[in-house]
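Okay, work_2.cif is below, mmCIF, C-alpha atoms:
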data_final
#
loop_
_atom_site.group_PDB
_atom_site.id
_atom_site.type_symbol
_atom_site.label_atom_id
_atom_site.label_comp_id
_atom_site.auth_asym_id
_atom_site.auth_seq_id
_atom_site.Cartn_x
_atom_site.Cartn_y
_atom_site.Cartn_z
ATOM 1 C CA MET A 18 4.716 -10.356 -43.881
ATOM 2 C CA PHE A 19 2.757 -7.131 -44.307
ATOM 3 C CA LEU A 20 -0.394 -8.773 -42.899
ATOM 4 C CA VAL A 21 1.494 -9.989 -39.798
ATOM 5 C CA VAL A 22 2.591 -6.399 -39.034
ATOM 6 C CA ILE A 23 -0.944 -5.081 -39.525
ATOM 7 C CA TYR A 24 -2.439 -7.756 -37.248
ATOM 8 C CA GLY A 25 0.285 -7.053 -34.672
ATOM 9 C CA LEU A 26 -0.548 -3.318 -34.674
ATOM 10 C CA VAL A 27 -4.279 -3.983 -34.451
ATOM 11 C CA LEU A 28 -3.749 -6.164 -31.395
ATOM 12 C CA ALA A 29 -1.061 -3.986 -29.783
ATOM 13 C CA LEU A 30 -2.736 -0.555 -30.105
ATOM 14 C CA PRO A 31 -5.569 -1.211 -27.605
ATOM 15 C CA LEU A 32 -3.078 -2.704 -25.155
ATOM 16 C CA LEU A 33 -0.756 0.314 -25.501
ATOM 17 C CA PHE A 34 -3.717 2.686 -25.059
ATOM 18 C CA PHE A 35 -4.771 0.867 -21.863
ATOM 19 C CA VAL A 36 -1.221 0.882 -20.426
ATOM 20 C CA GLN A 37 -0.729 4.571 -21.288
ATOM 21 C CA ARG A 38 -4.054 5.532 -19.729
ATOM 22 C CA ARG A 39 -3.342 3.656 -16.466
ATOM 23 C CA THR A 40 0.251 4.810 -15.978
ATOM 24 C CA LEU A 41 0.454 8.322 -17.359
ATOM 25 C CA SER A 42 -2.911 9.913 -16.703
ATOM 26 C CA PRO A 43 -3.523 10.597 -12.988
ATOM 27 C CA SER A 44 -7.040 11.859 -13.624
ATOM 28 C CA HIS A 45 -8.089 8.409 -14.805
ATOM 29 C CA GLN A 46 -6.469 6.393 -12.026
ATOM 30 C CA SER A 47 -8.702 4.263 -9.877
ATOM 31 C CA PRO A 48 -9.135 5.394 -6.282
ATOM 32 C CA PRO A 49 -7.164 3.341 -3.774
ATOM 33 C CA VAL A 50 -8.991 0.270 -2.608
ATOM 34 C CA ASP A 51 -9.718 0.271 1.104
ATOM 35 C CA SER A 52 -9.434 -3.324 2.236
ATOM 36 C CA GLN A 53 -10.979 -2.651 5.652
ATOM 37 C CA PRO A 54 -14.761 -3.001 5.797
ATOM 38 C CA GLU A 55 -16.708 -0.071 7.194
ATOM 39 C CA GLU A 56 -17.686 -2.033 10.315
ATOM 40 C CA LYS A 57 -14.008 -2.647 11.195
ATOM 41 C CA LYS A 58 -13.263 1.088 11.052
ATOM 42 C CA SER A 59 -15.885 1.878 13.644
ATOM 43 C CA LEU A 60 -14.790 -0.683 16.239
ATOM 44 C CA LYS A 61 -13.568 0.809 19.484
ATOM 45 C CA THR A 62 -9.968 0.071 20.389
ATOM 46 C CA ILE A 63 -7.588 0.629 23.239
ATOM 47 C CA MET A 64 -4.710 1.138 20.847
ATOM 48 C CA GLN A 65 -3.746 4.788 20.748
ATOM 49 C CA PRO A 66 -0.582 6.853 20.466
ATOM 50 C CA PRO A 67 1.392 7.839 23.589
ATOM 51 C CA ARG A 68 0.295 11.075 25.256
ATOM 52 C CA ASP A 69 2.421 14.032 26.198
ATOM 53 C CA ASP A 70 -0.180 15.695 28.451
ATOM 54 C CA LEU A 71 -0.233 13.270 31.369
ATOM 55 C CA ASP A 72 -0.343 14.529 34.948
ATOM 56 C CA PRO A 73 2.587 13.820 37.279
ATOM 57 C CA PRO A 74 2.142 10.370 38.858
ATOM 58 C CA LYS A 75 0.317 10.216 42.194
ATOM 59 C CA ASP A 76 1.048 7.744 44.959
ATOM 60 C CA ASP A 77 -2.378 7.604 46.624
ATOM 61 C CA PRO A 78 -2.858 4.327 48.535
ATOM 62 C CA PHE A 79 -5.605 1.905 47.463
ATOM 63 C CA THR A 80 -6.487 -1.498 48.810
ATOM 64 C CA LEU A 81 -7.747 -4.113 46.380
ATOM 65 C CA ASP A 82 -11.136 -3.819 48.080
ATOM 66 C CA GLN A 83 -11.217 -0.013 47.663
ATOM 67 C CA LEU A 84 -10.254 -0.374 44.010
ATOM 68 C CA LYS A 85 -13.514 -2.268 43.349
ATOM 69 C CA GLN A 86 -15.414 1.024 43.715
ATOM 70 C CA PHE A 87 -13.826 2.249 40.475
ATOM 71 C CA ASP A 88 -15.127 -0.397 38.072
ATOM 72 C CA GLY A 89 -17.273 1.970 36.006
ATOM 73 C CA SER A 90 -20.600 0.955 37.539
ATOM 74 C CA ASP A 91 -20.947 4.369 39.238
ATOM 75 C CA ASN A 92 -20.862 7.202 36.679
ATOM 76 C CA SER A 93 -19.861 9.693 39.359
ATOM 77 C CA LYS A 94 -16.550 7.855 39.920
ATOM 78 C CA PRO A 95 -13.583 7.384 37.615
ATOM 79 C CA ILE A 96 -12.613 4.010 36.160
ATOM 80 C CA TYR A 97 -9.320 2.611 37.437
ATOM 81 C CA VAL A 98 -7.222 -0.333 36.291
ATOM 82 C CA SER A 99 -4.237 -1.548 38.281
ATOM 83 C CA ILE A 100 -1.258 -3.276 36.703
ATOM 84 C CA ARG A 101 1.495 -4.680 38.910
ATOM 85 C CA GLY A 102 0.081 -2.580 41.755
ATOM 86 C CA THR A 103 0.133 0.736 39.884
ATOM 87 C CA VAL A 104 -3.330 2.296 39.533
ATOM 88 C CA PHE A 105 -4.181 3.993 36.227
ATOM 89 C CA ASP A 106 -7.153 6.247 35.485
ATOM 90 C CA VAL A 107 -8.727 4.868 32.278
ATOM 91 C CA THR A 108 -11.945 6.884 32.521
ATOM 92 C CA ARG A 109 -11.396 8.630 29.194
ATOM 93 C CA LYS A 110 -11.567 5.206 27.535
ATOM 94 C CA SER A 111 -14.873 4.213 29.134
ATOM 95 C CA ASP A 112 -15.872 2.983 25.676
ATOM 96 C CA VAL A 113 -13.594 -0.021 26.260
ATOM 97 C CA TYR A 114 -13.308 -0.201 30.090
ATOM 98 C CA GLY A 115 -16.882 0.742 31.048
ATOM 99 C CA PRO A 116 -19.632 -1.690 32.079
ATOM 100 C CA GLY A 117 -20.346 -4.268 29.387
ATOM 101 C CA LYS A 118 -17.357 -3.228 27.302
ATOM 102 C CA SER A 119 -14.573 -5.508 26.086
ATOM 103 C CA TYR A 120 -11.949 -4.713 28.752
ATOM 104 C CA ASN A 121 -14.270 -4.056 31.696
ATOM 105 C CA ILE A 122 -12.968 -7.301 33.178
ATOM 106 C CA PHE A 123 -9.905 -5.300 34.354
ATOM 107 C CA ALA A 124 -11.809 -2.259 35.670
ATOM 108 C CA GLY A 125 -11.758 -1.795 39.443
ATOM 109 C CA LYS A 126 -9.097 -4.414 40.053
ATOM 110 C CA ASP A 127 -5.536 -5.455 39.496
ATOM 111 C CA GLY A 128 -5.815 -7.992 36.706
ATOM 112 C CA SER A 129 -2.100 -8.340 36.054
ATOM 113 C CA LYS A 130 -2.161 -12.099 35.531
ATOM 114 C CA GLY A 131 -4.912 -11.876 32.903
ATOM 115 C CA LEU A 132 -3.085 -9.127 31.042
ATOM 116 C CA GLY A 133 0.098 -11.175 30.988
ATOM 117 C CA MET A 134 -1.816 -14.191 29.724
ATOM 118 C CA SER A 135 -3.767 -12.072 27.198
ATOM 119 C CA SER A 136 -6.892 -13.542 28.770
ATOM 120 C CA LEU A 137 -10.304 -11.969 29.228
ATOM 121 C CA LYS A 138 -11.515 -14.723 31.565
ATOM 122 C CA PRO A 139 -12.685 -13.383 34.950
ATOM 123 C CA GLU A 140 -10.765 -16.081 36.821
ATOM 124 C CA ASP A 141 -7.497 -14.862 35.234
ATOM 125 C CA ALA A 142 -8.001 -11.167 36.084
ATOM 126 C CA VAL A 143 -6.192 -11.413 39.425
ATOM 127 C CA PRO A 144 -3.198 -9.558 40.885
ATOM 128 C CA ASP A 145 -0.968 -12.593 41.532
ATOM 129 C CA TYR A 146 1.157 -12.972 38.405
ATOM 130 C CA SER A 147 4.062 -14.709 40.173
ATOM 131 C CA ASP A 148 3.487 -18.014 38.365
ATOM 132 C CA LEU A 149 3.489 -16.552 34.850
ATOM 133 C CA PRO A 150 6.201 -17.904 32.571
ATOM 134 C CA GLU A 151 8.838 -15.428 31.434
ATOM 135 C CA ASN A 152 7.201 -14.752 28.062
ATOM 136 C CA GLU A 153 3.894 -13.820 29.736
ATOM 137 C CA LYS A 154 5.700 -11.629 32.272
ATOM 138 C CA ASN A 155 7.170 -9.828 29.254
ATOM 139 C CA VAL A 156 3.662 -9.347 27.850
ATOM 140 C CA LEU A 157 2.581 -7.953 31.226
ATOM 141 C CA ASN A 158 5.541 -5.565 31.244
ATOM 142 C CA ASP A 159 4.599 -4.414 27.735
ATOM 143 C CA TRP A 160 1.065 -3.675 28.948
ATOM 144 C CA PHE A 161 2.467 -1.773 31.927
ATOM 145 C CA LEU A 162 4.619 0.387 29.623
ATOM 146 C CA PHE A 163 1.664 0.906 27.288
ATOM 147 C CA PHE A 164 -0.534 2.165 30.146
ATOM 148 C CA GLN A 165 2.276 4.255 31.629
ATOM 149 C CA LYS A 166 2.531 6.245 28.377
ATOM 150 C CA ARG A 167 -1.217 6.743 27.931
ATOM 151 C CA TYR A 168 -2.994 6.995 31.286
ATOM 152 C CA ASN A 169 -2.518 9.045 34.436
ATOM 153 C CA ILE A 170 -1.114 7.145 37.412
ATOM 154 C CA VAL A 171 -3.359 7.881 40.384
ATOM 155 C CA GLY A 172 -2.012 5.578 43.046
ATOM 156 C CA ARG A 173 -0.597 2.318 44.264
ATOM 157 C CA VAL A 174 -2.221 -0.845 45.619
ATOM 158 C CA THR A 175 -1.015 -1.333 49.186
ATOM 159 C CA ASP A 176 -2.125 -4.919 49.714
ATOM 160 C CA MET A 177 -0.799 -6.762 46.687
ATOM 161 C CA PRO A 178 -0.236 -10.486 47.292
ATOM 162 C CA THR A 179 3.072 -11.167 49.048
ATOM 163 C CA SER A 180 4.180 -13.352 46.112
ATOM 164 C CA VAL A 181 4.278 -10.295 43.812
ATOM 165 C CA SER A 182 4.861 -7.367 46.174
ATOM 166 C CA ASN A 183 8.611 -7.458 45.511
ATOM 167 C CA LEU A 184 8.061 -8.009 41.745
ATOM 168 C CA ALA A 185 5.824 -4.957 41.265
ATOM 169 C CA ASN A 186 8.766 -2.600 40.941
ATOM 170 C CA LEU A 187 10.452 -4.473 38.069
#

Spit out the file's structure as structure tokens when you get a sec.
Amino acid sequence: MFLVVIYGLVLALPLLFFVQRRTLSPSHQSPPVDSQPEEKKSLKTIMQPPRDDLDPPKDDPFTLDQLKQFDGSDNSKPIYVSIRGTVFDVTRKSDVYGPGKSYNIFAGKDGSKGLGMSSLKPEDAVPDYSDLPENEKNVLNDWFLFFQKRYNIVGRVTDMPTSVSNLANL
């Protein structure tokens, strides 16, 4: 019986030491493990918190053709994206909307349908979103609210397709 107790203590003492060291001694705790690789941290993103320093909305008129001038290809001009006919200035995020960047497909145009579809295909980046199913219209509305809280509104597209001109104010 005595030998069983001795063997038990010999086996238990290292385990108790390990548990005590890990739970009670903060100076010996392992640093938190960062599960995100370094390359993921550096990726540019459009996700950002809402802003409280936006300018009052403007109602300057733009045609879809005029909007093309603001696609980021001319550094002297701002970059604009229109959603449901509302024109947003996204210049400060040229790292995602500028030429060759991930969301440049929407720069200088109203790409409402593509946003609703969560598509980056050029053929989907068009203003007519009237045929989107309800769930994709909800996605489009979420994008509109996202932009509204983060980018200055600089105008309104005056020649939206007839099929969506009455939907733009929803």

Inset, instruction - Could you tell me which residues the PyMOL selection byres ((chain A and resi 76-79) around 9) returns for this structure, as a list in words? - result: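 In the shown coordinates, the PyMOL selection byres ((chain A and resi 76-79) around 9) covers Pro74, Lys75, Thr80, Leu81, Asp82, Gln83, Leu84, Thr103, Val104, Ile170, Val171, Gly172, Arg173, Val174, Thr175 and Asp176 of chain A.
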
Inset, instruction - To one decimal in Å, tell me the separation between atom CA of Asp127 of chain A and atom CA of Asp145 of chain A. - result: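 Answer for the atom CA of Asp127 of chain A to atom CA of Asp145 of chain A separation: 8.7 Å.
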
Legend entry - Exercise: Pro178 of chain A partners within 10 Å, all atoms listed in the file, chain neighbours under 6 positions left out, as a PyMOL selection string: chain A and resi 81+102+143-147

Legend entry - All residues 12 Å or closer to Asn121 of chain A, all atoms listed in the file, same chain fewer than 3 positions away omitted, as a PyMOL selection string: chain A and resi 63+85+87-90+96-98+107-108+110-118+124-128+137-139+142

Legend entry - Pro67 of chain A surroundings by all atoms listed in the file, 12 Å radius, close-in-sequence under 5 positions cut, as a PyMOL selection string: chain A and resi 162-169

Inset, instruction - May I ask for the distance between atom CA of Asp106 of chain A and atom CA of Glu151 of chain A, given in Å to one decimal place? - result: 27.2 Å

Inset, instruction - Run through the PyMOL selection byres ((chain A and resi 135) around 12) on the given coordinates and return the selected residues as a ChimeraX atom specification. - result: /A:120,122-123,128-134,136-139,141-142,149,152-157,159-160

Would you save the residues from that selection as a PDB file, keeping the file's coordinate frame, using C-alpha atoms?
ATOM      1  CA  TYR A 120     -11.949  -4.713  28.752  1.00  0.00           C
ATOM      2  CA  ILE A 122     -12.968  -7.301  33.178  1.00  0.00           C
ATOM      3  CA  PHE A 123      -9.905  -5.300  34.354  1.00  0.00           C
ATOM      4  CA  GLY A 128      -5.815  -7.992  36.706  1.00  0.00           C
ATOM      5  CA  SER A 129      -2.100  -8.340  36.054  1.00  0.00           C
ATOM      6  CA  LYS A 130      -2.161 -12.099  35.531  1.00  0.00           C
ATOM      7  CA  GLY A 131      -4.912 -11.876  32.903  1.00  0.00           C
ATOM      8  CA  LEU A 132      -3.085  -9.127  31.042  1.00  0.00           C
ATOM      9  CA  GLY A 133       0.098 -11.175  30.988  1.00  0.00           C
ATOM     10  CA  MET A 134      -1.816 -14.191  29.724  1.00  0.00           C
ATOM     11  CA  SER A 136      -6.892 -13.542  28.770  1.00  0.00           C
ATOM     12  CA  LEU A 137     -10.304 -11.969  29.228  1.00  0.00           C
ATOM     13  CA  LYS A 138     -11.515 -14.723  31.565  1.00  0.00           C
ATOM     14  CA  PRO A 139     -12.685 -13.383  34.950  1.00  0.00           C
ATOM     15  CA  ASP A 141      -7.497 -14.862  35.234  1.00  0.00           C
ATOM     16  CA  ALA A 142      -8.001 -11.167  36.084  1.00  0.00           C
ATOM     17  CA  LEU A 149       3.489 -16.552  34.850  1.00  0.00           C
ATOM     18  CA  ASN A 152       7.201 -14.752  28.062  1.00  0.00           C
ATOM     19  CA  GLU A 153       3.894 -13.820  29.736  1.00  0.00           C
ATOM     20  CA  LYS A 154       5.700 -11.629  32.272  1.00  0.00           C
ATOM     21  CA  ASN A 155       7.170  -9.828  29.254  1.00  0.00           C
ATOM     22  CA  VAL A 156       3.662  -9.347  27.850  1.00  0.00           C
ATOM     23  CA  LEU A 157       2.581  -7.953  31.226  1.00  0.00           C
ATOM     24  CA  ASP A 159       4.599  -4.414  27.735  1.00  0.00           C
ATOM     25  CA  TRP A 160       1.065  -3.675  28.948  1.00  0.00           C
TER      26      TRP A 160
END

Legend entry - For atom CA of Ser93 of chain A and atom CA of Pro73 of chain A, the interatomic separation in Å (one decimal):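 So the two atoms, atom CA of Ser93 of chain A and atom CA of Pro73 of chain A, lie 22.9 Å apart.
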
Missing atoms in segment 155-166 of chain A: can you complete it with all heavy atoms, as a PDB file, keeping the file's coordinate frame?
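Saved result, rebuild.pdb, follows:
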ATOM      1  N   ASN A 155       6.768 -10.849  30.238  1.00  0.00           N
ATOM      2  CA  ASN A 155       7.170  -9.828  29.254  1.00  0.00           C
ATOM      3  C   ASN A 155       5.951  -9.156  28.640  1.00  0.00           C
ATOM      4  O   ASN A 155       5.953  -7.945  28.432  1.00  0.00           O
ATOM      5  CB  ASN A 155       8.044 -10.446  28.161  1.00  0.00           C
ATOM      6  CG  ASN A 155       9.420 -10.831  28.671  1.00  0.00           C
ATOM      7  OD1 ASN A 155       9.899 -10.303  29.674  1.00  0.00           O
ATOM      8  ND2 ASN A 155      10.050 -11.775  27.994  1.00  0.00           N
ATOM      9  N   VAL A 156       4.905  -9.924  28.362  1.00  0.00           N
ATOM     10  CA  VAL A 156       3.662  -9.347  27.850  1.00  0.00           C
ATOM     11  C   VAL A 156       3.075  -8.396  28.889  1.00  0.00           C
ATOM     12  O   VAL A 156       2.649  -7.280  28.562  1.00  0.00           O
ATOM     13  CB  VAL A 156       2.641 -10.452  27.475  1.00  0.00           C
ATOM     14  CG1 VAL A 156       1.270  -9.870  27.160  1.00  0.00           C
ATOM     15  CG2 VAL A 156       3.156 -11.278  26.302  1.00  0.00           C
ATOM     16  N   LEU A 157       3.077  -8.806  30.143  1.00  0.00           N
ATOM     17  CA  LEU A 157       2.581  -7.953  31.226  1.00  0.00           C
ATOM     18  C   LEU A 157       3.388  -6.663  31.309  1.00  0.00           C
ATOM     19  O   LEU A 157       2.824  -5.572  31.439  1.00  0.00           O
ATOM     20  CB  LEU A 157       2.634  -8.704  32.561  1.00  0.00           C
ATOM     21  CG  LEU A 157       2.239  -7.901  33.800  1.00  0.00           C
ATOM     22  CD1 LEU A 157       0.821  -7.372  33.695  1.00  0.00           C
ATOM     23  CD2 LEU A 157       2.422  -8.751  35.044  1.00  0.00           C
ATOM     24  N   ASN A 158       4.698  -6.761  31.211  1.00  0.00           N
ATOM     25  CA  ASN A 158       5.541  -5.565  31.244  1.00  0.00           C
ATOM     26  C   ASN A 158       5.245  -4.645  30.065  1.00  0.00           C
ATOM     27  O   ASN A 158       5.256  -3.419  30.208  1.00  0.00           O
ATOM     28  CB  ASN A 158       7.026  -5.952  31.264  1.00  0.00           C
ATOM     29  CG  ASN A 158       7.427  -6.576  32.585  1.00  0.00           C
ATOM     30  OD1 ASN A 158       6.796  -6.369  33.611  1.00  0.00           O
ATOM     31  ND2 ASN A 158       8.487  -7.369  32.552  1.00  0.00           N
ATOM     32  N   ASP A 159       4.973  -5.229  28.902  1.00  0.00           N
ATOM     33  CA  ASP A 159       4.599  -4.414  27.735  1.00  0.00           C
ATOM     34  C   ASP A 159       3.296  -3.666  27.994  1.00  0.00           C
ATOM     35  O   ASP A 159       3.165  -2.492  27.639  1.00  0.00           O
ATOM     36  CB  ASP A 159       4.460  -5.287  26.485  1.00  0.00           C
ATOM     37  CG  ASP A 159       5.793  -5.800  25.968  1.00  0.00           C
ATOM     38  OD1 ASP A 159       6.851  -5.257  26.372  1.00  0.00           O
ATOM     39  OD2 ASP A 159       5.785  -6.758  25.169  1.00  0.00           O
ATOM     40  N   TRP A 160       2.322  -4.348  28.600  1.00  0.00           N
ATOM     41  CA  TRP A 160       1.065  -3.675  28.948  1.00  0.00           C
ATOM     42  C   TRP A 160       1.315  -2.541  29.940  1.00  0.00           C
ATOM     43  O   TRP A 160       0.748  -1.460  29.820  1.00  0.00           O
ATOM     44  CB  TRP A 160       0.052  -4.671  29.543  1.00  0.00           C
ATOM     45  CG  TRP A 160      -0.740  -5.386  28.511  1.00  0.00           C
ATOM     46  CD1 TRP A 160      -0.715  -6.716  28.230  1.00  0.00           C
ATOM     47  CD2 TRP A 160      -1.685  -4.813  27.604  1.00  0.00           C
ATOM     48  NE1 TRP A 160      -1.582  -7.001  27.205  1.00  0.00           N
ATOM     49  CE2 TRP A 160      -2.196  -5.859  26.808  1.00  0.00           C
ATOM     50  CE3 TRP A 160      -2.156  -3.520  27.392  1.00  0.00           C
ATOM     51  CZ2 TRP A 160      -3.154  -5.646  25.813  1.00  0.00           C
ATOM     52  CZ3 TRP A 160      -3.112  -3.307  26.395  1.00  0.00           C
ATOM     53  CH2 TRP A 160      -3.597  -4.357  25.629  1.00  0.00           C
ATOM     54  N   PHE A 161       2.163  -2.808  30.936  1.00  0.00           N
ATOM     55  CA  PHE A 161       2.467  -1.773  31.927  1.00  0.00           C
ATOM     56  C   PHE A 161       3.050  -0.537  31.232  1.00  0.00           C
ATOM     57  O   PHE A 161       2.621   0.594  31.491  1.00  0.00           O
ATOM     58  CB  PHE A 161       3.435  -2.311  32.985  1.00  0.00           C
ATOM     59  CG  PHE A 161       3.753  -1.307  34.053  1.00  0.00           C
ATOM     60  CD1 PHE A 161       2.909  -1.145  35.141  1.00  0.00           C
ATOM     61  CD2 PHE A 161       4.876  -0.502  33.966  1.00  0.00           C
ATOM     62  CE1 PHE A 161       3.180  -0.205  36.128  1.00  0.00           C
ATOM     63  CE2 PHE A 161       5.155   0.439  34.946  1.00  0.00           C
ATOM     64  CZ  PHE A 161       4.306   0.587  36.031  1.00  0.00           C
ATOM     65  N   LEU A 162       4.011  -0.746  30.351  1.00  0.00           N
ATOM     66  CA  LEU A 162       4.619   0.387  29.623  1.00  0.00           C
ATOM     67  C   LEU A 162       3.602   1.095  28.738  1.00  0.00           C
ATOM     68  O   LEU A 162       3.605   2.321  28.634  1.00  0.00           O
ATOM     69  CB  LEU A 162       5.809  -0.095  28.793  1.00  0.00           C
ATOM     70  CG  LEU A 162       7.010  -0.584  29.595  1.00  0.00           C
ATOM     71  CD1 LEU A 162       8.053  -1.213  28.680  1.00  0.00           C
ATOM     72  CD2 LEU A 162       7.617   0.546  30.413  1.00  0.00           C
ATOM     73  N   PHE A 163       2.722   0.327  28.108  1.00  0.00           N
ATOM     74  CA  PHE A 163       1.664   0.906  27.288  1.00  0.00           C
ATOM     75  C   PHE A 163       0.791   1.842  28.119  1.00  0.00           C
ATOM     76  O   PHE A 163       0.540   2.986  27.741  1.00  0.00           O
ATOM     77  CB  PHE A 163       0.818  -0.225  26.670  1.00  0.00           C
ATOM     78  CG  PHE A 163      -0.366   0.262  25.883  1.00  0.00           C
ATOM     79  CD1 PHE A 163      -0.234   0.597  24.552  1.00  0.00           C
ATOM     80  CD2 PHE A 163      -1.621   0.373  26.477  1.00  0.00           C
ATOM     81  CE1 PHE A 163      -1.327   1.049  23.817  1.00  0.00           C
ATOM     82  CE2 PHE A 163      -2.712   0.820  25.760  1.00  0.00           C
ATOM     83  CZ  PHE A 163      -2.572   1.160  24.427  1.00  0.00           C
ATOM     84  N   PHE A 164       0.317   1.360  29.277  1.00  0.00           N
ATOM     85  CA  PHE A 164      -0.534   2.165  30.146  1.00  0.00           C
ATOM     86  C   PHE A 164       0.219   3.383  30.678  1.00  0.00           C
ATOM     87  O   PHE A 164      -0.333   4.480  30.756  1.00  0.00           O
ATOM     88  CB  PHE A 164      -1.046   1.318  31.317  1.00  0.00           C
ATOM     89  CG  PHE A 164      -2.313   0.576  31.026  1.00  0.00           C
ATOM     90  CD1 PHE A 164      -2.339  -0.445  30.078  1.00  0.00           C
ATOM     91  CD2 PHE A 164      -3.485   0.875  31.697  1.00  0.00           C
ATOM     92  CE1 PHE A 164      -3.503  -1.136  29.804  1.00  0.00           C
ATOM     93  CE2 PHE A 164      -4.656   0.187  31.433  1.00  0.00           C
ATOM     94  CZ  PHE A 164      -4.665  -0.830  30.479  1.00  0.00           C
ATOM     95  N   GLN A 165       1.462   3.188  31.047  1.00  0.00           N
ATOM     96  CA  GLN A 165       2.276   4.255  31.629  1.00  0.00           C
ATOM     97  C   GLN A 165       2.408   5.444  30.674  1.00  0.00           C
ATOM     98  O   GLN A 165       2.505   6.586  31.118  1.00  0.00           O
ATOM     99  CB  GLN A 165       3.650   3.685  31.964  1.00  0.00           C
ATOM    100  CG  GLN A 165       4.464   4.502  32.913  1.00  0.00           C
ATOM    101  CD  GLN A 165       5.745   3.759  33.281  1.00  0.00           C
ATOM    102  OE1 GLN A 165       6.352   3.087  32.459  1.00  0.00           O
ATOM    103  NE2 GLN A 165       6.139   3.879  34.538  1.00  0.00           N
ATOM    104  N   LYS A 166       2.377   5.183  29.383  1.00  0.00           N
ATOM    105  CA  LYS A 166       2.531   6.245  28.377  1.00  0.00           C
ATOM    106  C   LYS A 166       1.201   6.857  27.951  1.00  0.00           C
ATOM    107  O   LYS A 166       1.196   7.828  27.201  1.00  0.00           O
ATOM    108  CB  LYS A 166       3.234   5.687  27.133  1.00  0.00           C
ATOM    109  CG  LYS A 166       4.663   5.291  27.391  1.00  0.00           C
ATOM    110  CD  LYS A 166       5.279   4.677  26.163  1.00  0.00           C
ATOM    111  CE  LYS A 166       6.702   4.220  26.448  1.00  0.00           C
ATOM    112  NZ  LYS A 166       7.287   3.536  25.286  1.00  0.00           N
TER     113      LYS A 166
END
